[in-house]
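Undergrad: One file: query31.txt (compact mmCIF, C-alpha atoms (C1' of nucleotides)).
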```
# COMPACT_ATOMS: atom_id res chain seq x y z
CA MET A 1 8.10 36.22 -29.54
CA GLN A 2 10.81 35.49 -32.03
CA GLU A 3 14.46 36.11 -31.42
CA THR A 4 17.25 36.80 -33.81
CA GLY A 5 21.00 36.55 -33.97
CA SER A 6 22.61 34.40 -31.32
CA SER A 7 19.38 33.45 -29.63
CA PRO A 8 18.86 29.82 -28.78
CA ARG A 9 17.23 27.49 -31.20
CA THR A 10 13.69 26.82 -30.23
CA GLY A 11 11.77 23.64 -30.87
CA ALA A 12 13.82 21.48 -28.57
CA HIS A 13 10.99 19.04 -28.21
CA THR A 14 11.12 18.20 -31.89
CA ASP A 15 14.77 17.43 -32.36
CA LEU A 16 15.64 15.51 -29.28
CA PRO A 17 17.16 12.09 -29.95
CA PRO A 18 15.00 9.00 -30.21
CA PHE A 19 15.13 8.26 -26.50
CA GLY A 20 11.53 9.23 -26.05
CA HIS A 21 10.67 6.26 -28.19
CA ALA A 22 13.06 3.86 -26.54
CA VAL A 23 11.95 1.04 -24.33
CA GLY A 24 14.87 1.59 -22.00
CA PHE A 25 14.14 5.24 -21.58
CA LEU A 26 10.47 4.66 -20.97
CA LEU A 27 11.18 1.95 -18.46
CA ALA A 28 13.53 4.19 -16.54
CA GLN A 29 10.96 6.93 -16.57
CA LEU A 30 8.09 4.70 -15.54
CA GLY A 31 10.07 2.93 -12.89
CA PHE A 32 11.04 6.13 -11.24
CA SER A 33 7.59 7.61 -11.46
CA ILE A 34 6.01 4.51 -9.98
CA SER A 35 8.50 4.42 -7.15
CA ARG A 36 7.75 8.01 -6.39
CA GLN A 37 4.02 7.66 -6.50
CA PHE A 38 4.10 4.50 -4.46
CA GLY A 39 6.25 6.33 -1.96
CA GLY A 40 3.55 8.94 -1.82
CA LEU A 41 0.97 6.30 -1.04
CA LEU A 42 3.13 4.87 1.70
CA ALA A 43 3.53 8.29 3.23
CA GLY A 44 -0.07 7.98 4.28
CA PHE A 45 1.03 5.12 6.48
CA GLY A 46 3.93 7.01 7.98
CA ILE A 47 6.60 4.93 6.30
CA GLU A 48 8.84 5.12 3.26
CA PRO A 49 9.54 2.53 0.62
CA ARG A 50 12.65 1.29 2.35
CA HIS A 51 10.63 0.58 5.48
CA PHE A 52 8.07 -1.14 3.36
CA GLY A 53 10.73 -3.42 1.95
CA LEU A 54 11.79 -4.38 5.43
CA LEU A 55 8.24 -4.87 6.67
CA ARG A 56 7.53 -6.99 3.66
CA LEU A 57 10.43 -9.25 4.47
CA LEU A 58 9.42 -9.52 8.10
CA HIS A 59 5.91 -10.29 7.00
CA ALA A 60 7.19 -13.11 4.82
CA VAL A 61 9.56 -14.61 7.30
CA GLU A 62 9.57 -13.64 10.91
CA GLY A 63 12.22 -14.28 13.50
CA LEU A 64 15.35 -13.73 11.46
CA PRO A 65 18.34 -12.15 13.16
CA GLN A 66 19.38 -8.75 11.92
CA ASN A 67 22.48 -9.87 10.10
CA VAL A 68 20.48 -12.27 7.98
CA VAL A 69 17.92 -9.60 7.21
CA ALA A 70 20.65 -7.16 6.23
CA ASP A 71 22.08 -9.82 3.97
CA ARG A 72 18.78 -10.44 2.26
CA LEU A 73 18.12 -6.75 1.73
CA GLN A 74 21.70 -6.31 0.61
CA ILE A 75 22.30 -3.39 2.91
CA PRO A 76 24.90 -2.87 5.64
CA GLN A 77 23.85 -3.83 9.14
CA SER A 78 24.31 -0.29 10.32
CA THR A 79 21.75 0.92 7.81
CA LEU A 80 19.34 -1.73 8.96
CA VAL A 81 19.60 -0.50 12.52
CA SER A 82 18.08 2.85 11.73
CA LEU A 83 15.32 1.25 9.70
CA ILE A 84 14.38 -1.01 12.57
CA ASP A 85 14.56 1.90 15.00
CA HIS A 86 12.06 3.71 12.86
CA LEU A 87 9.67 0.80 12.73
CA GLU A 88 10.06 0.07 16.42
CA GLU A 89 9.30 3.66 17.36
CA ARG A 90 6.08 3.37 15.43
CA GLY A 91 5.25 0.04 16.97
CA LEU A 92 5.31 -1.77 13.66
CA ALA A 93 8.12 -4.18 14.39
CA GLU A 94 10.16 -5.29 17.35
CA ARG A 95 13.45 -6.84 18.31
CA ARG A 96 13.44 -9.89 20.53
CA PRO A 97 16.35 -11.67 22.16
CA ASP A 98 17.42 -14.72 20.26
CA PRO A 99 17.08 -17.69 22.61
CA HIS A 100 19.94 -19.48 20.92
CA ASP A 101 22.45 -16.64 20.72
CA ARG A 102 22.48 -13.86 23.24
CA ARG A 103 24.32 -11.57 20.88
CA ALA A 104 21.59 -11.75 18.29
CA ARG A 105 18.18 -10.17 18.16
CA THR A 106 15.42 -11.50 16.01
CA LEU A 107 12.97 -9.31 14.16
CA HIS A 108 9.23 -9.59 14.32
CA LEU A 109 6.20 -7.82 13.00
CA THR A 110 3.81 -6.47 15.59
CA SER A 111 0.09 -6.75 15.06
CA SER A 112 0.09 -3.11 14.01
CA GLY A 113 2.78 -3.95 11.53
CA ALA A 114 0.80 -6.83 10.15
CA ALA A 115 -2.26 -4.63 9.85
CA LEU A 116 -0.24 -2.01 8.03
CA MET A 117 1.05 -4.63 5.66
CA ALA A 118 -2.48 -5.72 4.89
CA ASP A 119 -3.66 -2.18 4.31
CA SER A 120 -0.68 -1.06 2.28
CA THR A 121 -0.80 -4.19 0.17
CA ARG A 122 -4.40 -3.41 -0.62
CA VAL A 123 -3.45 0.11 -1.60
CA ALA A 124 -0.63 -1.17 -3.75
CA THR A 125 -2.95 -3.56 -5.50
CA GLU A 126 -5.41 -0.81 -6.20
CA PHE A 127 -2.56 1.28 -7.56
CA GLU A 128 -1.59 -1.59 -9.81
CA PHE A 129 -5.01 -2.18 -11.29
CA ASP A 130 -6.74 1.17 -11.09
CA VAL A 131 -3.87 3.40 -12.07
CA ILE A 132 -0.90 1.67 -13.65
CA CYS A 133 -2.91 -0.84 -15.64
CA ALA A 134 -6.04 1.22 -16.05
CA GLY A 135 -7.70 0.41 -19.35
CA PHE A 136 -5.85 -2.85 -19.78
CA THR A 137 -7.77 -6.04 -20.30
CA PRO A 138 -6.58 -8.98 -18.22
CA GLU A 139 -4.99 -10.43 -21.34
CA GLU A 140 -3.21 -7.20 -22.17
CA ARG A 141 -1.91 -6.95 -18.67
CA SER A 142 -0.77 -10.54 -18.77
CA ASP A 143 1.01 -9.96 -22.07
CA LEU A 144 2.70 -6.89 -20.70
CA LEU A 145 3.79 -8.83 -17.66
CA ASN A 146 5.30 -11.42 -19.93
CA CYS A 147 7.22 -8.87 -21.93
CA LEU A 148 8.54 -7.25 -18.80
CA GLN A 149 9.71 -10.56 -17.48
CA ARG A 150 11.55 -11.20 -20.71
CA VAL A 151 13.21 -7.82 -20.37
CA ALA A 152 14.06 -8.63 -16.78
CA ALA A 153 15.71 -11.81 -17.93
CA ASN A 154 17.63 -9.88 -20.57
CA LEU A 155 18.91 -7.56 -17.88
CA GLY A 156 20.00 -10.41 -15.68
CA ILE A 157 17.49 -9.80 -12.97
CA THR A 158 17.25 -13.04 -11.09
CA GLN A 159 13.91 -13.00 -9.43
CA GLY A 160 12.91 -10.16 -7.22
CA ILE A 161 16.23 -8.51 -6.59
CA HIS A 162 16.32 -4.89 -7.29
CA PRO A 163 18.59 -2.36 -5.79
CA GLY A 164 16.81 0.71 -4.74
CA LEU A 165 14.60 3.61 -4.94
CA HIS A 166 14.07 7.27 -4.54
CA HIS A 167 14.17 8.58 -1.00
CA GLY A 168 14.84 12.23 -0.69
CA PRO A 169 13.44 15.22 -2.47
CA GLY A 170 14.64 14.27 -5.87
CA PRO A 171 17.81 13.82 -7.80
CA VAL A 172 18.88 15.30 -11.07
CA PRO A 173 17.00 14.30 -14.21
CA TRP A 174 18.24 12.04 -16.90
CA CYS A 175 16.63 13.84 -19.68
CA PRO A 176 15.24 17.30 -20.16
CA PRO A 177 11.48 17.51 -19.90
CA GLU A 178 10.22 17.64 -23.43
CA GLY A 179 6.54 18.23 -23.06
CA ALA A 180 6.82 21.15 -20.73
CA GLU A 181 6.09 24.00 -23.07
CA PRO A 182 4.93 24.24 -26.71
CA MET B 1 14.08 -28.55 6.51
CA GLN B 2 11.40 -27.87 9.07
CA GLU B 3 12.06 -25.88 12.18
CA THR B 4 10.38 -25.87 15.51
CA GLY B 5 9.82 -23.51 18.36
CA SER B 6 10.95 -19.94 17.92
CA SER B 7 13.05 -20.52 14.86
CA PRO B 8 12.26 -18.43 11.82
CA ARG B 9 9.92 -19.70 9.21
CA THR B 10 11.76 -20.68 6.09
CA GLY B 11 10.44 -20.56 2.58
CA ALA B 12 10.20 -16.81 2.36
CA HIS B 13 10.36 -16.93 -1.37
CA THR B 14 7.15 -18.88 -1.56
CA ASP B 15 4.91 -16.76 0.59
CA LEU B 16 5.84 -13.26 -0.36
CA PRO B 17 2.95 -11.14 -1.55
CA PRO B 18 2.04 -10.95 -5.22
CA PHE B 19 4.34 -8.03 -5.90
CA GLY B 20 6.72 -10.17 -7.88
CA HIS B 21 3.94 -10.60 -10.40
CA ALA B 22 2.85 -7.00 -10.42
CA VAL B 23 3.43 -4.69 -13.33
CA GLY B 24 4.22 -1.83 -10.99
CA PHE B 25 6.78 -3.76 -9.11
CA LEU B 26 8.45 -5.05 -12.23
CA LEU B 27 8.55 -1.60 -13.76
CA ALA B 28 10.17 -0.15 -10.67
CA GLN B 29 12.69 -2.95 -10.69
CA LEU B 30 13.45 -2.69 -14.39
CA GLY B 31 13.63 1.07 -14.34
CA PHE B 32 16.14 1.09 -11.62
CA SER B 33 18.21 -1.67 -13.13
CA ILE B 34 18.29 0.05 -16.49
CA SER B 35 19.29 3.35 -14.95
CA ARG B 36 22.09 1.63 -13.14
CA GLN B 37 23.35 -0.24 -16.14
CA PHE B 38 23.11 2.79 -18.35
CA GLY B 39 25.03 4.69 -15.73
CA GLY B 40 27.68 2.02 -16.00
CA LEU B 41 27.88 2.53 -19.74
CA LEU B 42 28.21 6.27 -19.33
CA ALA B 43 31.03 5.79 -16.87
CA GLY B 44 33.13 4.77 -19.84
CA PHE B 45 32.68 8.32 -21.10
CA GLY B 46 33.59 9.91 -17.80
CA ILE B 47 30.13 11.22 -17.08
CA GLU B 48 27.12 10.22 -15.05
CA PRO B 49 23.48 10.09 -16.05
CA ARG B 50 22.76 13.55 -14.69
CA HIS B 51 25.49 14.99 -16.89
CA PHE B 52 24.08 13.06 -19.79
CA GLY B 53 20.70 14.64 -19.23
CA LEU B 54 22.25 18.06 -19.32
CA LEU B 55 24.37 17.29 -22.38
CA ARG B 56 21.32 15.97 -24.09
CA LEU B 57 19.46 19.17 -23.50
CA LEU B 58 22.37 21.27 -24.71
CA HIS B 59 22.60 19.08 -27.76
CA ALA B 60 18.95 19.66 -28.50
CA VAL B 61 18.92 23.37 -27.91
CA GLU B 62 22.08 25.35 -27.56
CA GLY B 63 22.49 28.82 -26.19
CA LEU B 64 20.01 28.79 -23.34
CA PRO B 65 20.87 30.72 -20.19
CA GLN B 66 21.39 28.71 -17.03
CA ASN B 67 18.15 29.64 -15.36
CA VAL B 68 16.15 28.35 -18.29
CA VAL B 69 18.12 25.13 -18.35
CA ALA B 70 17.61 24.66 -14.64
CA ASP B 71 13.92 25.22 -15.17
CA ARG B 72 13.72 22.62 -17.90
CA LEU B 73 15.63 20.07 -15.90
CA GLN B 74 13.58 20.94 -12.87
CA ILE B 75 16.60 21.34 -10.64
CA PRO B 76 17.78 24.30 -8.59
CA GLN B 77 20.21 26.66 -10.26
CA SER B 78 22.82 25.91 -7.65
CA THR B 79 22.74 22.25 -8.56
CA LEU B 80 23.12 23.11 -12.20
CA VAL B 81 26.28 25.08 -11.47
CA SER B 82 28.17 22.03 -10.30
CA LEU B 83 26.97 19.99 -13.26
CA ILE B 84 28.20 22.61 -15.69
CA ASP B 85 31.47 22.90 -13.82
CA HIS B 86 31.95 19.19 -14.29
CA LEU B 87 31.27 19.35 -18.01
CA GLU B 88 33.38 22.44 -18.49
CA GLU B 89 36.35 20.87 -16.73
CA ARG B 90 36.12 18.01 -19.16
CA GLY B 91 35.77 20.31 -22.13
CA LEU B 92 32.35 18.97 -23.05
CA ALA B 93 30.39 22.17 -22.61
CA GLU B 94 31.06 25.83 -22.04
CA ARG B 95 29.54 29.01 -20.71
CA ARG B 96 29.46 32.07 -22.90
CA PRO B 97 28.46 35.61 -22.03
CA ASP B 98 24.95 36.42 -23.11
CA PRO B 99 25.13 39.36 -25.51
CA HIS B 100 21.68 40.58 -24.46
CA ASP B 101 22.05 40.31 -20.70
CA ARG B 102 25.38 40.69 -19.02
CA ARG B 103 24.18 38.85 -15.95
CA ALA B 104 23.39 35.72 -17.89
CA ARG B 105 25.62 33.08 -19.38
CA THR B 106 24.50 30.81 -22.16
CA LEU B 107 25.39 27.17 -22.39
CA HIS B 108 26.89 25.44 -25.37
CA LEU B 109 28.18 22.06 -26.35
CA THR B 110 31.81 21.90 -27.45
CA SER B 111 32.81 19.73 -30.34
CA SER B 112 34.04 17.17 -27.84
CA GLY B 113 30.66 17.29 -26.20
CA ALA B 114 28.91 16.79 -29.50
CA ALA B 115 31.17 13.85 -30.27
CA LEU B 116 30.45 12.34 -26.90
CA MET B 117 26.74 12.69 -27.50
CA ALA B 118 27.07 10.88 -30.79
CA ASP B 119 29.08 8.07 -29.25
CA SER B 120 26.97 7.68 -26.14
CA THR B 121 23.79 7.74 -28.16
CA ARG B 122 25.12 4.91 -30.24
CA VAL B 123 25.96 2.96 -27.11
CA ALA B 124 22.51 3.64 -25.70
CA THR B 125 20.90 2.41 -28.87
CA GLU B 126 22.92 -0.78 -28.79
CA PHE B 127 21.89 -1.24 -25.19
CA GLU B 128 18.27 -0.81 -26.22
CA PHE B 129 18.30 -3.35 -29.01
CA ASP B 130 21.00 -5.81 -28.06
CA VAL B 131 20.28 -6.08 -24.36
CA ILE B 132 16.96 -4.69 -23.21
CA CYS B 133 14.96 -5.85 -26.20
CA ALA B 134 17.08 -8.86 -27.06
CA GLY B 135 14.93 -11.57 -28.58
CA PHE B 136 12.08 -9.23 -29.39
CA THR B 137 10.77 -9.01 -32.91
CA PRO B 138 10.20 -5.48 -34.18
CA GLU B 139 6.46 -6.04 -33.73
CA GLU B 140 6.88 -7.25 -30.18
CA ARG B 141 9.04 -4.30 -29.36
CA SER B 142 6.56 -1.96 -30.92
CA ASP B 143 3.71 -3.51 -28.96
CA LEU B 144 5.69 -3.21 -25.75
CA LEU B 145 6.42 0.39 -26.52
CA ASN B 146 2.72 0.99 -26.99
CA CYS B 147 1.82 -0.61 -23.70
CA LEU B 148 4.45 1.38 -21.88
CA GLN B 149 3.15 4.58 -23.38
CA ARG B 150 -0.32 3.71 -22.20
CA VAL B 151 1.06 3.14 -18.71
CA ALA B 152 2.90 6.43 -18.94
CA ALA B 153 -0.35 8.17 -19.79
CA ASN B 154 -2.04 6.43 -16.86
CA LEU B 155 0.64 7.76 -14.57
CA GLY B 156 0.25 11.27 -15.84
CA ILE B 157 3.62 11.45 -17.50
CA THR B 158 3.30 14.20 -20.02
CA GLN B 159 5.92 13.49 -22.58
CA GLY B 160 9.49 13.05 -21.55
CA ILE B 161 9.44 14.33 -18.02
CA HIS B 162 10.87 12.10 -15.47
CA PRO B 163 12.35 13.08 -12.21
CA GLY B 164 15.57 11.39 -11.52
CA LEU B 165 17.86 8.57 -11.07
CA HIS B 166 20.30 6.67 -8.98
CA HIS B 167 23.62 8.37 -8.31
CA GLY B 168 25.49 7.10 -5.36
CA PRO B 169 26.40 3.61 -4.26
CA GLY B 170 22.90 2.39 -3.75
CA PRO B 171 19.88 3.04 -1.63
CA VAL B 172 17.86 0.66 0.44
CA PRO B 173 15.78 -1.94 -1.37
CA TRP B 174 12.10 -1.84 -1.82
CA CYS B 175 11.62 -5.46 -1.50
CA PRO B 176 13.68 -8.30 -0.13
CA PRO B 177 15.53 -10.28 -2.76
CA GLU B 178 13.47 -13.37 -3.33
CA GLY B 179 15.56 -15.51 -5.56
CA ALA B 180 18.69 -15.27 -3.48
CA GLU B 181 18.76 -18.65 -1.82
CA PRO B 182 16.60 -21.77 -1.96
C1' DT C 1 13.53 46.54 -6.69
C1' DA C 2 14.00 42.18 -9.24
C1' DT C 3 16.86 38.75 -11.37
C1' DT C 4 21.26 35.87 -12.89
C1' DG C 5 24.72 33.12 -11.45
C1' DT C 6 27.61 31.80 -7.54
C1' DT C 7 28.93 30.54 -3.01
C1' DA C 8 28.01 29.09 1.72
C1' DT C 9 25.49 26.20 4.60
C1' DA C 10 22.56 22.69 6.45
C1' DC C 11 20.45 18.32 5.89
C1' DT C 12 19.70 13.55 4.42
C1' DC C 13 21.23 9.26 3.40
C1' DT C 14 24.76 5.83 2.87
C1' DA C 15 28.87 3.22 4.14
C1' DT C 16 33.23 2.21 6.74
C1' DA C 17 35.18 1.51 10.75
C1' DA C 18 35.55 1.43 15.77
C1' DC C 19 33.34 -0.57 19.87
C1' DT C 20 30.65 -3.95 23.19
C1' DA C 21 28.97 -8.13 24.34
C1' DT C 22 28.77 -12.44 23.52
C1' DA C 23 30.36 -16.99 21.11
C1' DT D 1 39.62 -15.24 17.68
C1' DA D 2 35.37 -14.37 15.39
C1' DT D 3 30.70 -12.62 15.19
C1' DA D 4 26.01 -9.72 16.27
C1' DG D 5 24.53 -5.43 16.98
C1' DT D 6 25.45 -0.58 17.87
C1' DT D 7 27.55 3.80 17.56
C1' DA D 8 30.65 7.22 15.51
C1' DT D 9 32.33 9.21 11.51
C1' DA D 10 33.05 10.57 6.98
C1' DG D 11 31.48 11.11 2.44
C1' DA D 12 28.30 12.18 -1.52
C1' DG D 13 24.47 14.78 -3.09
C1' DT D 14 20.64 17.89 -2.73
C1' DA D 15 18.27 22.08 -1.45
C1' DT D 16 17.82 26.69 0.85
C1' DA D 17 19.55 30.95 1.66
C1' DA D 18 22.89 34.68 1.41
C1' DC D 19 25.60 37.31 -1.89
C1' DA D 20 27.54 40.21 -6.03
C1' DA D 21 26.70 41.93 -10.46
C1' DT D 22 23.43 43.59 -13.51
C1' DA D 23 18.72 44.65 -15.16
```
In structure tokens, how does this file's structure come out?
TA:
Amino acid sequence: MQETGSSPRTGAHTDLPPFGHAVGFLLAQLGFSISRQFGGLLAGFGIEPRHFGLLRLLHAVEGLPQNVVADRLQIPQSTLVSLIDHLEERGLAERRPDPHDRRARTLHLTSSGAALMADSTRVATEFEFDVICAGFTPEERSDLLNCLQRVAANLGITQGIHPGLHHGPGPVPWCPPEGAEP
Amino acid sequence: MQETGSSPRTGAHTDLPPFGHAVGFLLAQLGFSISRQFGGLLAGFGIEPRHFGLLRLLHAVEGLPQNVVADRLQIPQSTLVSLIDHLEERGLAERRPDPHDRRARTLHLTSSGAALMADSTRVATEFEFDVICAGFTPEERSDLLNCLQRVAANLGITQGIHPGLHHGPGPVPWCPPEGAEP
DNA sequence: TATTGTTATACTCTATAACTATA
DNA sequence: TATAGTTATAGAGTATAACAATA
């Protein structure tokens, strides 16, 4: 199975740049993988991560008008509309008229929505401890958490703001798979 | 600052679920932020992360036909075509006829492409050490790297495979920004 | 008949801008 | 006049399927 002449060099996995050993590269890789896998878990609940983000906000603070919610999620109002439509169709959230402003509509979790939040939060917690941090002692996990928070500070991440996540089938890779074949 | 009646509860930032303290959440957040910022760095070179991934593969192993490259990147061949077109227009890569198979075309880095890889790799390394890992001792960084590799193993990430990355303007958030306002 | 690379096409998601109803 | 929510529209990006050349 050896080629001659102008055949491609083999052994790509050996001479790729040091990215595989870089914190930044690993973080990008892990972040995307986690988002994807978490999305897979949410699929069992009939929602996607973006809906989860909205539900989570509604769970935390109910009764906000849509424009405020859109502001907090840092998405355009028009995008929010379709998210709410989705949740409302599934009976997880609902719009109510704002008693103070007849233009506005406030957002609320239904009891189904609250139940879903409880269930999905449990699943997420299991994912955290049983998968992501499997084999970590509490101290190790705590140390890791600390390091990640330092990195977050280095990157200028305020608190819990982060932009987005995988939705569709899957975009183009950053880096060629190295471990695919011998 | 207390409301009555049907007004929204305030203090969202205090009663959001424990995700802000979760490794998984932080990793997702960091991964996305890093991808974005790295994308910003690449913009200075006139390419996007997906092109970087392709260039990186070509840099590692030159002369592969397109179908093999598409396989390695785990993208459809049709998607690869537009990526190559982009690189070829910029003189960073080129297609050559495959001497063994007249259907196939092999992919190669140009000297400009090689130069760009050298430059962008340097920038990426600076990003790694001066930003992401700023304030870390070599030991701390090494420990972090170890932890992240353990997490990667937990998630079933073989070696360097990871699916994708942010392209466009920006998708919908996972989680409502918590630190936005008091 | 199968395969390589390309093109054509449909689909998804996002964002901007028009539109309505209130304020 | 400005604002809340909605709808319409356009744009970017991906994936599937048809296609031409070659194996």
Undergrad: A:Pro76, A:Gly40, A:Gly156, A:Gly24: which is nearest chain C, counting all atoms listed in the file?
TA: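 Distance minimum relative to chain C lands on A:Pro76.
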Undergrad: Which polymer residues have any atom within 9 Å of an atom of DT3 of chain D, counting only C-alpha atoms (C1' of nucleotides), with same-chain residues fewer than 4 positions away left out, as a list in words?
TA: Arg103 of chain A; DT22 and DA23 of chain C
Undergrad: Do me a favour and pick out the residues of chain D within 9 Å of chain B, using only C-alpha atoms (C1' of nucleotides), as a list in words.
TA: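 Taken together, these residues fit the definition: DA12, DG13, DT14, DA15, DA21, DT22 and DA23 of chain D.
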Undergrad: Near segment 25-28 of chain B, within 8 Å and counting all atoms listed in the file, which residues show up once chain neighbours fewer than 4 positions away are dropped, as a PDB file with C-alpha atoms, keeping the file's coordinate frame?
TA:
```pdb
ATOM      1  CA  LEU A  27      11.180   1.950 -18.460  1.00  0.00           C
ATOM      2  CA  LEU A  30       8.090   4.700 -15.540  1.00  0.00           C
ATOM      3  CA  GLY A  31      10.070   2.930 -12.890  1.00  0.00           C
ATOM      4  CA  PHE A  32      11.040   6.130 -11.240  1.00  0.00           C
ATOM      5  CA  ILE A  34       6.010   4.510  -9.980  1.00  0.00           C
ATOM      6  CA  SER A  35       8.500   4.420  -7.150  1.00  0.00           C
ATOM      7  CA  LEU A 148       8.540  -7.250 -18.800  1.00  0.00           C
ATOM      8  CA  GLN A 149       9.710 -10.560 -17.480  1.00  0.00           C
TER       9      GLN A 149
ATOM     10  CA  PHE B  19       4.340  -8.030  -5.900  1.00  0.00           C
ATOM     11  CA  GLY B  20       6.720 -10.170  -7.880  1.00  0.00           C
ATOM     12  CA  HIS B  21       3.940 -10.600 -10.400  1.00  0.00           C
ATOM     13  CA  PHE B  32      16.140   1.090 -11.620  1.00  0.00           C
TER      14      PHE B  32
END
```
Undergrad: When the cut-off is 10 Å and we count only C-alpha atoms (C1' of nucleotides), which residues of chain C are near chain A, given as an MDAnalysis selection string?
TA: chainID C and resid 12:16 21:23
Undergrad: Could you check which of B:Ser112, B:Thr137, B:Ser142, B:Asn154 is closest to chain A, using only C-alpha atoms?
TA: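 Closest candidate: B:Asn154.
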Undergrad: Please compute the atom CA of Ile132 of chain B-atom CA of Phe38 of chain B distance, one decimal, in Å.
TA: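 Separating atom CA of Ile132 of chain B from atom CA of Phe38 of chain B is a distance of 10.8 Å.
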Undergrad: Using all atoms listed in the file, find the one residue out of A:Glu88, A:Asp71, A:Glu62, A:Glu94 that sits nearest to chain B.
TA: A:Glu62
Undergrad: Could you please determine the separation between atom CA of Ser111 of chain A and atom CA of Gly91 of chain A in Å, to one decimal place?
TA: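 Separation between atom CA of Ser111 of chain A and atom CA of Gly91 of chain A: 8.7 Å.
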